[in-house]
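Novice: Provided herewith: structure-v7.cif, mmCIF, C-alpha atoms.
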```
data_structure
#
loop_
_atom_site.label_atom_id
_atom_site.label_comp_id
_atom_site.auth_asym_id
_atom_site.auth_seq_id
_atom_site.Cartn_x
_atom_site.Cartn_y
_atom_site.Cartn_z
CA MET A 1 0.00 0.00 0.00
CA LYS A 2 1.31 3.41 -0.93
CA VAL A 3 1.08 5.93 1.88
CA SER A 4 0.98 9.64 1.19
CA ASP A 5 3.60 12.00 2.54
CA THR A 6 0.92 13.70 4.64
CA MET A 7 0.16 10.37 6.29
CA LEU A 8 3.85 9.68 6.84
CA ILE A 9 4.27 13.09 8.48
CA ALA A 10 1.45 12.28 10.89
CA LEU A 11 2.88 8.84 11.61
CA MET A 12 6.36 10.22 12.24
CA ARG A 13 5.03 12.93 14.51
CA ARG A 14 3.27 10.25 16.59
CA ALA A 15 6.37 8.02 16.49
CA GLN A 16 8.46 10.88 17.88
CA ASP A 17 6.00 11.01 20.76
CA GLY A 18 6.50 7.27 21.37
CA ASP A 19 3.48 5.73 19.56
CA ALA A 20 4.66 2.20 18.70
CA THR A 21 1.73 1.39 16.39
CA ALA A 22 2.33 4.48 14.29
CA TYR A 23 6.04 3.72 14.24
CA ARG A 24 5.50 0.15 13.03
CA THR A 25 3.32 1.39 10.16
CA LEU A 26 5.82 4.11 9.35
CA LEU A 27 8.78 1.71 9.25
CA SER A 28 6.91 -0.71 6.99
CA SER A 29 6.02 2.08 4.58
CA ALA A 30 9.55 3.47 4.74
CA GLU A 31 10.98 0.02 4.06
CA SER A 32 9.00 -0.40 0.83
CA TRP A 33 9.76 3.12 -0.28
CA LEU A 34 13.48 2.57 0.38
CA ARG A 35 13.47 -0.66 -1.60
CA GLY A 36 12.23 1.28 -4.61
CA PHE A 37 14.70 4.09 -3.95
CA PHE A 38 17.74 1.80 -3.80
CA ALA A 39 16.56 -0.62 -6.49
CA ARG A 40 16.99 2.14 -9.07
CA ARG A 41 20.49 2.94 -7.84
CA ILE A 42 22.41 -0.09 -6.63
CA ALA A 43 22.85 -3.79 -7.27
CA SER A 44 19.94 -5.84 -5.97
CA ALA A 45 22.24 -7.88 -3.72
CA GLU A 46 23.07 -4.73 -1.77
CA VAL A 47 19.54 -3.38 -1.40
CA ASP A 48 18.71 -5.31 1.78
CA ASP A 49 21.78 -4.05 3.62
CA LEU A 50 21.24 -0.43 2.68
CA VAL A 51 17.52 -0.53 3.48
CA GLN A 52 18.35 -1.96 6.90
CA GLU A 53 21.11 0.57 7.54
CA THR A 54 18.81 3.41 6.51
CA LEU A 55 15.99 2.24 8.78
CA ILE A 56 18.42 2.01 11.69
CA SER A 57 19.62 5.53 10.87
CA LEU A 58 16.01 6.71 10.73
CA HIS A 59 15.56 5.23 14.20
CA ARG A 60 18.74 6.76 15.62
CA LYS A 61 18.11 10.19 14.13
CA ARG A 62 14.33 10.40 14.44
CA ALA A 63 14.67 13.48 16.65
CA THR A 64 16.02 15.42 13.66
CA TYR A 65 12.75 15.17 11.75
CA ASP A 66 10.77 18.40 11.74
CA PRO A 67 7.04 17.63 11.30
CA THR A 68 6.49 20.98 9.58
CA ARG A 69 8.48 19.66 6.63
CA PRO A 70 7.81 16.79 4.18
CA PHE A 71 8.84 13.34 5.38
CA LEU A 72 10.07 11.67 2.19
CA PRO A 73 12.78 14.24 1.36
CA TRP A 74 14.07 13.74 4.91
CA LEU A 75 14.11 9.97 4.45
CA ALA A 76 15.66 10.32 0.99
CA ALA A 77 18.46 12.46 2.43
CA ILE A 78 19.22 9.80 5.04
CA ALA A 79 19.11 7.08 2.38
CA ARG A 80 21.46 9.05 0.16
CA TYR A 81 23.79 9.64 3.10
CA ARG A 82 24.00 5.91 3.84
CA TRP A 83 24.60 5.25 0.16
CA VAL A 84 27.39 7.86 -0.03
CA ASP A 85 28.85 6.52 3.21
CA ARG A 86 28.99 3.07 1.65
CA LEU A 87 30.62 4.61 -1.40
CA ARG A 88 33.19 6.35 0.80
CA GLN A 89 34.03 3.13 2.61
CA THR A 90 34.40 1.39 -0.71
CA TYR A 91 36.61 4.14 -2.05
CA ARG A 92 38.84 3.88 1.01
CA ALA A 93 39.00 0.13 0.68
CA ALA A 94 39.91 0.50 -2.97
CA ALA A 95 42.52 3.14 -2.15
CA ASP A 96 44.04 0.91 0.52
CA SER A 97 44.14 -2.01 -1.85
CA LEU A 98 46.25 -0.01 -4.29
CA ASP A 99 49.18 -0.50 -1.95
CA GLY A 100 49.06 -4.21 -2.60
CA ASP A 101 47.39 -6.62 -4.91
CA LEU A 102 43.70 -6.08 -5.42
CA PRO A 103 41.99 -9.34 -4.50
CA VAL A 104 40.13 -10.85 -7.40
CA ASP A 105 36.92 -11.27 -5.43
CA SER A 106 37.00 -7.85 -3.74
CA HIS A 107 34.24 -6.65 -6.04
CA GLU A 108 31.77 -8.49 -3.87
CA ASP A 109 32.29 -5.87 -1.19
CA VAL A 110 32.11 -3.04 -3.63
CA VAL A 111 28.80 -1.36 -4.20
CA THR A 112 30.31 1.73 -5.61
CA ALA A 113 30.53 0.94 -9.23
CA GLN A 114 27.07 -0.51 -9.25
CA VAL A 115 25.48 2.73 -8.13
CA SER A 116 23.33 4.46 -10.73
CA ILE A 117 25.97 3.04 -12.87
CA ASP A 118 25.13 4.06 -16.39
CA ARG A 119 24.46 7.67 -15.54
CA LEU A 120 27.40 8.05 -13.17
CA LEU A 121 29.95 6.24 -15.28
CA ALA A 122 29.07 8.50 -18.16
CA GLN A 123 30.38 11.42 -16.11
CA ILE A 124 33.91 10.10 -15.63
CA SER A 125 36.60 9.48 -18.22
CA PRO A 126 36.01 6.49 -20.54
CA ALA A 127 39.25 4.84 -19.41
CA GLN A 128 38.21 5.07 -15.76
CA ALA A 129 34.63 3.95 -16.47
CA GLN A 130 35.85 1.00 -18.51
CA VAL A 131 38.08 -0.50 -15.82
CA ILE A 132 35.65 0.25 -12.99
CA ALA A 133 32.96 -1.61 -14.89
CA MET A 134 35.30 -4.52 -15.60
CA VAL A 135 36.71 -4.92 -12.09
CA LYS A 136 33.95 -3.65 -9.84
CA ILE A 137 30.90 -4.84 -11.74
CA ASP A 138 31.96 -7.72 -13.93
CA GLY A 139 34.40 -9.06 -11.36
CA LEU A 140 37.49 -9.29 -13.53
CA SER A 141 40.88 -9.27 -11.84
CA ILE A 142 43.28 -6.38 -12.35
CA ILE A 143 45.35 -8.56 -14.68
CA GLU A 144 42.31 -9.55 -16.75
CA ALA A 145 41.09 -5.95 -16.91
CA ALA A 146 44.53 -4.79 -17.98
CA ALA A 147 44.67 -7.36 -20.75
CA LYS A 148 41.16 -6.59 -21.93
CA SER A 149 41.41 -2.81 -21.79
CA GLY A 150 44.96 -2.48 -23.07
CA GLN A 151 45.91 -0.46 -19.98
CA SER A 152 48.84 -1.45 -17.81
CA GLU A 153 48.04 -3.04 -14.44
CA SER A 154 49.22 0.01 -12.52
CA LEU A 155 47.16 2.28 -14.77
CA VAL A 156 44.09 0.12 -14.15
CA LYS A 157 44.59 0.54 -10.41
CA VAL A 158 45.13 4.27 -10.70
CA ASN A 159 42.08 4.68 -12.95
CA ILE A 160 39.92 2.72 -10.52
CA HIS A 161 41.21 4.77 -7.62
CA ARG A 162 40.62 8.12 -9.35
CA GLY A 163 37.35 7.04 -10.90
CA LEU A 164 35.88 5.89 -7.59
CA LYS A 165 36.98 9.12 -5.95
CA LYS A 166 35.24 11.10 -8.65
CA LEU A 167 32.13 8.94 -8.40
CA ALA A 168 32.01 9.61 -4.67
CA THR A 169 32.19 13.33 -5.34
CA LEU A 170 29.50 13.13 -8.02
CA VAL A 171 27.10 11.23 -5.79
CA GLU A 172 27.76 13.55 -2.85
CA SER A 173 27.10 16.64 -4.94
CA GLU A 174 23.83 15.37 -6.38
CA MET B 1 14.54 -6.19 6.09
CA SER B 2 12.63 -8.77 8.08
CA ILE B 3 9.59 -7.99 10.21
CA PHE B 4 11.68 -9.11 13.17
CA SER B 5 14.16 -6.28 12.60
CA ILE B 6 11.41 -3.72 12.33
CA GLU B 7 9.97 -5.08 15.57
CA GLN B 8 13.36 -4.57 17.21
CA LEU B 9 13.29 -0.91 16.29
CA VAL B 10 9.68 -0.59 17.44
CA ASP B 11 10.58 -2.21 20.78
CA ASP B 12 13.40 0.27 21.18
CA LEU B 13 11.11 3.25 20.54
CA THR B 14 11.05 5.98 23.17
CA PRO B 15 9.67 9.51 22.90
CA VAL B 16 12.27 12.00 21.66
CA ARG B 17 12.70 15.73 21.98
CA ARG B 18 12.91 17.20 18.52
CA LEU B 19 16.16 18.87 17.53
CA ASN B 20 15.82 22.57 18.21
CA GLY B 21 17.91 25.07 16.26
CA TRP B 22 17.40 27.69 18.94
CA HIS B 23 19.53 25.60 21.29
CA ALA B 24 22.45 26.01 18.90
CA ALA B 25 21.81 29.74 18.62
CA LEU B 26 21.67 30.08 22.40
CA ALA B 27 24.87 28.06 22.82
CA VAL B 28 26.68 30.27 20.31
CA ALA B 29 25.34 33.43 21.95
CA ALA B 30 26.42 32.18 25.38
CA MET B 31 29.91 31.19 24.21
CA THR B 32 30.35 34.51 22.38
CA ALA B 33 29.23 36.39 25.49
CA LEU B 34 31.67 34.33 27.56
CA ALA B 35 34.49 35.11 25.11
CA ILE B 36 33.66 38.84 25.29
CA ALA B 37 33.53 38.71 29.09
CA VAL B 38 36.89 36.93 29.36
CA THR B 39 38.44 39.33 26.83
CA ALA B 40 37.07 42.33 28.75
CA TRP B 41 38.27 40.92 32.06
CA ARG B 42 41.76 39.91 30.88
CA TYR B 43 42.56 42.59 28.30
CA GLY B 44 39.86 45.24 28.55
CA LEU B 45 37.51 46.57 25.88
CA ARG B 46 38.10 49.59 23.68
CA GLY B 47 37.41 52.90 25.36
CA ASP B 48 34.79 53.94 22.81
CA VAL B 49 33.03 50.59 23.20
CA MET B 50 33.09 50.94 26.98
CA ILE B 51 31.32 54.32 26.86
CA GLY B 52 28.84 53.03 24.28
CA ALA B 53 30.03 55.30 21.45
CA PRO B 54 32.18 53.18 19.14
CA VAL B 55 33.78 54.82 16.13
CA PRO B 56 32.06 53.98 12.80
CA MET B 57 34.74 51.49 11.69
CA VAL B 58 34.31 49.45 14.87
CA LEU B 59 30.56 49.41 14.31
CA VAL B 60 30.95 48.40 10.67
CA ARG B 61 33.40 45.55 11.29
CA ALA B 62 31.43 44.26 14.28
CA SER B 63 28.24 44.32 12.22
CA VAL B 64 29.83 42.50 9.29
CA LEU B 65 31.31 39.84 11.58
CA ALA B 66 28.02 39.39 13.44
CA LEU B 67 26.10 39.10 10.16
CA LEU B 68 28.60 36.62 8.74
CA GLY B 69 28.42 34.57 11.94
CA THR B 70 24.61 34.65 12.01
CA ALA B 71 24.24 33.74 8.35
CA SER B 72 26.67 30.84 8.63
CA LEU B 73 25.04 29.68 11.87
CA THR B 74 21.68 29.65 10.09
CA ALA B 75 23.18 27.44 7.40
CA VAL B 76 24.76 25.17 10.03
CA ILE B 77 21.42 24.75 11.82
CA ASP B 78 19.79 24.04 8.47
CA SER B 79 22.36 21.33 7.72
CA ALA B 80 21.76 19.50 11.01
CA ARG B 81 18.59 17.99 9.53
CA PRO B 82 18.67 15.69 6.52
CA ARG B 83 16.97 17.30 3.55
CA VAL B 84 17.13 17.24 -0.20
CA GLY B 85 17.27 20.33 -2.35
CA ARG B 86 18.32 23.91 -1.75
CA HIS B 87 20.08 24.83 1.44
CA SER B 88 20.49 28.17 3.12
CA ASN B 89 23.10 30.19 1.21
CA GLY B 90 22.85 33.60 2.87
CA TRP B 91 26.28 32.96 4.34
CA SER B 92 27.89 33.26 0.89
CA TRP B 93 26.49 36.77 0.48
CA MET B 94 27.77 37.73 3.91
CA LEU B 95 31.15 36.22 3.13
CA GLY B 96 31.23 38.35 -0.01
CA LEU B 97 30.49 41.40 2.11
CA ALA B 98 33.23 40.49 4.60
CA LEU B 99 35.72 40.03 1.77
CA THR B 100 35.43 43.73 0.95
CA PHE B 101 37.95 44.39 3.75
CA PRO B 102 40.83 42.36 2.29
CA LEU B 103 39.91 43.47 -1.24
CA LEU B 104 39.89 47.09 -0.15
CA THR B 105 43.24 46.58 1.54
CA ILE B 106 44.71 45.24 -1.69
CA ALA B 107 43.12 48.01 -3.75
CA LEU B 108 44.45 50.71 -1.42
CA SER B 109 47.92 49.18 -1.49
CA ILE B 110 47.90 49.17 -5.27
CA SER B 111 46.47 52.66 -5.64
CA THR B 112 48.92 54.21 -3.16
CA ALA B 113 51.77 51.91 -4.19
CA THR B 114 52.58 51.29 -0.54
CA MET B 115 52.30 48.22 1.60
CA PRO B 116 50.55 48.54 4.98
CA HIS B 117 53.77 47.76 6.88
CA ALA B 118 52.50 49.11 10.20
CA GLU B 119 49.51 46.80 10.15
CA MET B 120 51.47 43.83 8.81
CA THR B 121 54.00 44.01 11.62
CA ALA B 122 51.67 45.13 14.40
CA THR B 123 52.42 43.29 17.62
CA SER B 124 48.70 43.24 18.42
CA ALA B 125 48.28 40.81 15.52
CA TYR B 126 49.35 37.97 17.82
CA TRP B 127 46.63 38.95 20.24
CA CYS B 128 44.17 39.27 17.38
CA LEU B 129 44.85 35.74 16.20
CA GLY B 130 45.23 34.30 19.70
CA ILE B 131 42.05 35.75 21.17
CA SER B 132 39.96 35.30 18.02
CA LEU B 133 40.98 31.67 17.52
CA SER B 134 40.64 30.78 21.20
CA ALA B 135 37.13 32.20 21.17
CA ALA B 136 36.46 30.40 17.87
CA LEU B 137 37.56 27.13 19.47
CA LEU B 138 35.10 27.66 22.30
CA ILE B 139 32.24 28.56 19.97
CA GLY B 140 33.09 25.86 17.43
CA THR B 141 33.11 23.22 20.16
CA ALA B 142 29.64 24.27 21.30
CA ILE B 143 28.28 24.11 17.73
CA THR B 144 29.91 20.74 17.08
CA LEU B 145 28.46 19.23 20.25
CA TRP B 146 25.02 20.39 19.20
CA LEU B 147 25.50 19.18 15.62
CA ARG B 148 26.41 15.70 16.82
CA ARG B 149 22.85 15.39 18.13
CA GLY B 150 21.65 16.12 14.61
CA ALA B 151 22.22 14.24 11.38
CA VAL B 152 24.60 16.12 9.11
CA THR B 153 24.52 14.64 5.63
CA VAL B 154 27.11 16.92 3.99
CA ALA B 155 29.95 16.81 6.50
CA GLY B 156 32.63 18.69 4.55
CA HIS B 157 30.45 21.67 3.70
CA THR B 158 29.00 21.83 7.20
CA ALA B 159 32.47 21.62 8.78
CA TRP B 160 33.56 24.58 6.73
CA LEU B 161 30.48 26.55 7.83
CA VAL B 162 31.09 25.71 11.49
CA GLY B 163 34.65 27.04 11.21
CA LEU B 164 33.42 30.16 9.43
CA CYS B 165 30.72 30.80 12.02
CA ALA B 166 33.04 30.21 14.97
CA GLY B 167 35.74 32.37 13.39
CA ALA B 168 33.32 35.22 12.72
CA PHE B 169 31.93 35.28 16.26
CA GLY B 170 35.37 34.70 17.80
CA THR B 171 36.81 37.64 15.87
CA PHE B 172 33.72 39.67 16.77
CA ALA B 173 34.64 39.13 20.44
CA TYR B 174 38.19 40.29 19.77
CA SER B 175 37.04 43.29 17.72
CA LEU B 176 35.57 44.88 20.85
CA HIS B 177 39.07 44.94 22.33
CA CYS B 178 41.08 45.55 19.14
CA PRO B 179 43.02 48.83 19.40
CA SER B 180 43.25 49.25 15.62
CA SER B 181 40.53 50.73 13.44
CA THR B 182 42.19 50.69 10.04
CA VAL B 183 40.88 48.90 7.00
CA ALA B 184 44.27 47.29 6.37
CA TYR B 185 44.44 45.77 9.85
CA ILE B 186 40.96 44.34 9.51
CA GLY B 187 41.66 43.21 5.96
CA ILE B 188 44.81 41.35 6.98
CA TRP B 189 44.36 40.04 10.50
CA TYR B 190 40.63 39.60 10.82
CA THR B 191 40.64 37.80 7.48
CA ALA B 192 43.49 35.60 8.71
CA ALA B 193 41.63 34.75 11.91
CA VAL B 194 38.30 33.94 10.23
CA GLY B 195 40.03 32.13 7.36
CA THR B 196 42.17 30.04 9.69
CA SER B 197 39.13 29.05 11.70
CA ALA B 198 37.19 28.10 8.56
CA VAL B 199 40.05 26.01 7.16
CA ALA B 200 40.64 24.36 10.55
CA GLY B 201 36.94 23.49 10.73
CA ARG B 202 37.03 21.99 7.25
CA LEU B 203 40.10 19.90 8.06
CA ILE B 204 39.26 18.77 11.58
CA LEU B 205 35.52 18.44 11.90
CA PRO B 206 34.23 16.06 9.18
CA PRO B 207 35.06 12.85 11.10
CA LEU B 208 33.29 14.28 14.16
CA LEU B 209 30.17 15.07 12.17
CA ARG B 210 29.76 11.73 10.41
CA TRP B 211 27.39 9.21 11.94
#
```
The structure given in the file should be rewritten as structure tokens.

Specialist:
Amino acid sequence: MKVSDTMLIALMRRAQDGDATAYRTLLSSAESWLRGFFARRIASAEVDDLVQETLISLHRKRATYDPTRPFLPWLAAIARYRWVDRLRQTYRAAADSLDGDLPVDSHEDVVTAQVSIDRLLAQISPAQAQVIAMVKIDGLSIIEAAAKSGQSESLVKVNIHRGLKKLATLVESE
Amino acid sequence: MSIFSIEQLVDDLTPVRRLNGWHAALAVAAMTALAIAVTAWRYGLRGDVMIGAPVPMVLVRASVLALLGTASLTAVIDSARPRVGRHSNGWSWMLGLALTFPLLTIALSISTATMPHAEMTATSAYWCLGISLSAALLIGTAITLWLRRGAVTVAGHTAWLVGLCAGAFGTFAYSLHCPSSTVAYIGIWYTAAVGTSAVAGRLILPPLLRW
């Protein structure tokens, strides 16, 4: 069932006052809305984690909601924050891995390159987008990506590092 | 997410007091008042300020600093709540206004072909930076503690605004003691104090604001 923003505002106001029934309804509605929000942006395997993280953040930061303002933009901002935070962690992990060999299966922990991927990748250089897609989405190793793209292994690593950094900036500035 | 997880959050539900921006404003006002009181007690205020008849330049610089601090504080309060879309940007206009002092200093130096040596080497500059930045630290700490109760979603930008706000109010506190009333002194040392505070905020605060 789709709940209007006006209804969500009322539910959140009551939840802030400690009404458990209103809160349960609100969380269920927020959960389905968040699933739609993240489904358009990240790989389906990661949706559950981000929905859960966002709902926990909603819970922790419920005092920051102002009932005179719309609810969904507030929730969307929290969802985007969790998404960017995940991106930042991924970027750091990728940056750290540049010091050594990038594990072949590290893409499983990487949501970054799967985020709004077509639109975002179009905004970075083709060389960066190509190797990010190969390593972070398709799961190729650095060596395989280097062979396939014609870039050296070190250049693949540098392009992934710079590309992810730029992606993080792009998402944060949206 | 499973129903069980939602039930966990519901079980943990307690009534909350909504985040109130006025608390931040009161904290900043109190810390600024404290900084002014300590400055007055330790170093004394300007004579014209003490008799309630400050010279125009003191009024102008104090007003600009107070406006810059207020505008950036408004933006900081705004950023404590997650939201999508336009944010308060009055601070950028006030920053533009404040930048007239250093720009005027440069323009005067060029037009007269002389450097403001007296202001550049003034011994009071150490006090200007010391008092302004100490006060900024006090004010910035109060804002940061309040912000940590909120949910900042753009940490870097907010950190910069906290530094700017704290620097503006900290320098405002110093300006009531400051013996100089020249444009060059304000353009050099006040700019340095506010700028240092803003940069320090940008560099130090983001990890403290993330959640």

Novice: Check which residues satisfy the PyMOL selection byres ((chain A) within 10 of (chain B)) in the file shown, then give them as number ranges by chain.

Specialist: A: 13-25, 27-28, 31-32, 35, 47-53, 55-67, 69-82, 84-85, 172-174

Novice: Rounded to one decimal place, report the atom CA of Ala122 of chain B-atom CA of Ile188 of chain B distance in Å.

Specialist: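 Computed distance, atom CA of Ala122 of chain B to atom CA of Ile188 of chain B, equals 10.8 Å.
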
Novice: Between A:Val135, A:Phe38, A:Thr54, A:Leu87, which residue has the minimum interatomic distance to Lys166 of chain A, considering only C-alpha atoms?

Specialist: A:Leu87

Novice: For Ile42 of chain A, which residue among A:Ser4, A:Gln130, A:Ala122, A:Trp83 is the nearest when counting all atoms listed in the file?

Specialist: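 Smallest distance to Ile42 of chain A is found for A:Trp83.
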
Novice: Report, in Å to a single decimal, how far apart atom CA of Ala184 of chain B and atom CA of Ala107 of chain B are.

Specialist: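 These atoms are spaced 10.2 Å apart.
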
Novice: Let me make sure I understand: among B:Ile186, B:Met31, B:Leu205, B:Ala192, which one has the smallest atom-to-atom distance to Glu119 of chain B if we use only C-alpha atoms?

Specialist: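 Ranking B:Ile186, B:Met31, B:Leu205, B:Ala192 by distance to Glu119 of chain B, first place goes to B:Ile186.
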
Novice: So what do you get for atom CA of Gly163 of chain B versus atom CA of Arg61 of chain B, distance-wise?

Specialist: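 Atom CA of Arg61 of chain B lies 18.6 Å from atom CA of Gly163 of chain B.
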
Novice: Name the residues in contact with Cys178 of chain B at a cut-off of 10 Å, using all atoms listed in the file, excluding same-chain residues fewer than 6 positions from it; report them as a ChimeraX atom specification.

Specialist: /B:43-46,58,124-125,127-128,171-172,185-186

Novice: Would you write out, as a PyMOL selection string, every residue that the PyMOL selection byres ((chain B and resi 66-68) around 8) captures in this file?

Specialist: chain B and resi 62-65+69-72+91+94-95+98+165+168-169+172

Novice: The PyMOL selection byres ((chain A and resi 129) around 10) on the file shown: which residues, as number ranges by chain?

Specialist: A: 113, 117-118, 120-128, 130-134, 159-160, 163-164, 167

Novice: Using the selection just defined, write its residues with C-alpha atoms as a short mmCIF file (atom, residue, chain, number, x, y, z; two decimals), in the coordinates of the input.

Specialist:
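selection-v5.cif, freshly written:
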```cif
data_model
loop_
_atom_site.label_atom_id
_atom_site.label_comp_id
_atom_site.auth_asym_id
_atom_site.auth_seq_id
_atom_site.Cartn_x
_atom_site.Cartn_y
_atom_site.Cartn_z
CA ALA A 113 30.53 0.94 -9.23
CA ILE A 117 25.97 3.04 -12.87
CA ASP A 118 25.13 4.06 -16.39
CA LEU A 120 27.40 8.05 -13.17
CA LEU A 121 29.95 6.24 -15.28
CA ALA A 122 29.07 8.50 -18.16
CA GLN A 123 30.38 11.42 -16.11
CA ILE A 124 33.91 10.10 -15.63
CA SER A 125 36.60 9.48 -18.22
CA PRO A 126 36.01 6.49 -20.54
CA ALA A 127 39.25 4.84 -19.41
CA GLN A 128 38.21 5.07 -15.76
CA GLN A 130 35.85 1.00 -18.51
CA VAL A 131 38.08 -0.50 -15.82
CA ILE A 132 35.65 0.25 -12.99
CA ALA A 133 32.96 -1.61 -14.89
CA MET A 134 35.30 -4.52 -15.60
CA ASN A 159 42.08 4.68 -12.95
CA ILE A 160 39.92 2.72 -10.52
CA GLY A 163 37.35 7.04 -10.90
CA LEU A 164 35.88 5.89 -7.59
CA LEU A 167 32.13 8.94 -8.40
#
```

Novice: Some atoms are absent from segment 63-75 of chain A, so rebuild N, CA, C and O atoms and return them as a JSON list (two decimals), in the frame of the given file.

Specialist:
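File produced: rebuild_28.json:
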```json
[["chain", "number", "residue", "atom", "x", "y", "z"],
["A", 63, "ALA", "N", 14.88, 12.16, 16.03],
["A", 63, "ALA", "CA", 14.67, 13.48, 16.65],
["A", 63, "ALA", "C", 14.97, 14.62, 15.68],
["A", 63, "ALA", "O", 14.56, 15.77, 15.91],
["A", 64, "THR", "N", 15.67, 14.34, 14.59],
["A", 64, "THR", "CA", 16.02, 15.42, 13.66],
["A", 64, "THR", "C", 14.90, 15.71, 12.66],
["A", 64, "THR", "O", 15.01, 16.65, 11.88],
["A", 65, "TYR", "N", 13.85, 14.89, 12.69],
["A", 65, "TYR", "CA", 12.75, 15.17, 11.75],
["A", 65, "TYR", "C", 11.89, 16.32, 12.28],
["A", 65, "TYR", "O", 11.49, 16.33, 13.44],
["A", 66, "ASP", "N", 11.61, 17.25, 11.40],
["A", 66, "ASP", "CA", 10.77, 18.40, 11.74],
["A", 66, "ASP", "C", 9.40, 18.18, 11.08],
["A", 66, "ASP", "O", 9.30, 18.20, 9.85],
["A", 67, "PRO", "N", 8.35, 17.95, 11.88],
["A", 67, "PRO", "CA", 7.04, 17.63, 11.30],
["A", 67, "PRO", "C", 6.41, 18.75, 10.47],
["A", 67, "PRO", "O", 5.39, 18.52, 9.82],
["A", 68, "THR", "N", 7.02, 19.92, 10.45],
["A", 68, "THR", "CA", 6.49, 20.98, 9.58],
["A", 68, "THR", "C", 7.01, 20.82, 8.15],
["A", 68, "THR", "O", 6.62, 21.56, 7.26],
["A", 69, "ARG", "N", 7.91, 19.86, 7.96],
["A", 69, "ARG", "CA", 8.48, 19.66, 6.63],
["A", 69, "ARG", "C", 8.06, 18.29, 6.09],
["A", 69, "ARG", "O", 7.70, 17.40, 6.86],
["A", 70, "PRO", "N", 8.16, 18.09, 4.77],
["A", 70, "PRO", "CA", 7.81, 16.79, 4.18],
["A", 70, "PRO", "C", 8.69, 15.67, 4.74],
["A", 70, "PRO", "O", 9.85, 15.89, 5.09],
["A", 71, "PHE", "N", 8.12, 14.48, 4.80],
["A", 71, "PHE", "CA", 8.84, 13.34, 5.38],
["A", 71, "PHE", "C", 9.79, 12.69, 4.37],
["A", 71, "PHE", "O", 10.94, 12.38, 4.68],
["A", 72, "LEU", "N", 9.28, 12.46, 3.15],
["A", 72, "LEU", "CA", 10.07, 11.67, 2.19],
["A", 72, "LEU", "C", 11.40, 12.32, 1.81],
["A", 72, "LEU", "O", 12.41, 11.62, 1.68],
["A", 73, "PRO", "N", 11.46, 13.65, 1.62],
["A", 73, "PRO", "CA", 12.78, 14.24, 1.36],
["A", 73, "PRO", "C", 13.76, 14.01, 2.52],
["A", 73, "PRO", "O", 14.96, 13.82, 2.31],
["A", 74, "TRP", "N", 13.23, 14.02, 3.74],
["A", 74, "TRP", "CA", 14.07, 13.74, 4.91],
["A", 74, "TRP", "C", 14.61, 12.31, 4.85],
["A", 74, "TRP", "O", 15.80, 12.06, 5.04],
["A", 75, "LEU", "N", 13.71, 11.38, 4.55],
["A", 75, "LEU", "CA", 14.11, 9.97, 4.45],
["A", 75, "LEU", "C", 15.08, 9.78, 3.28],
["A", 75, "LEU", "O", 16.07, 9.05, 3.40]]
```
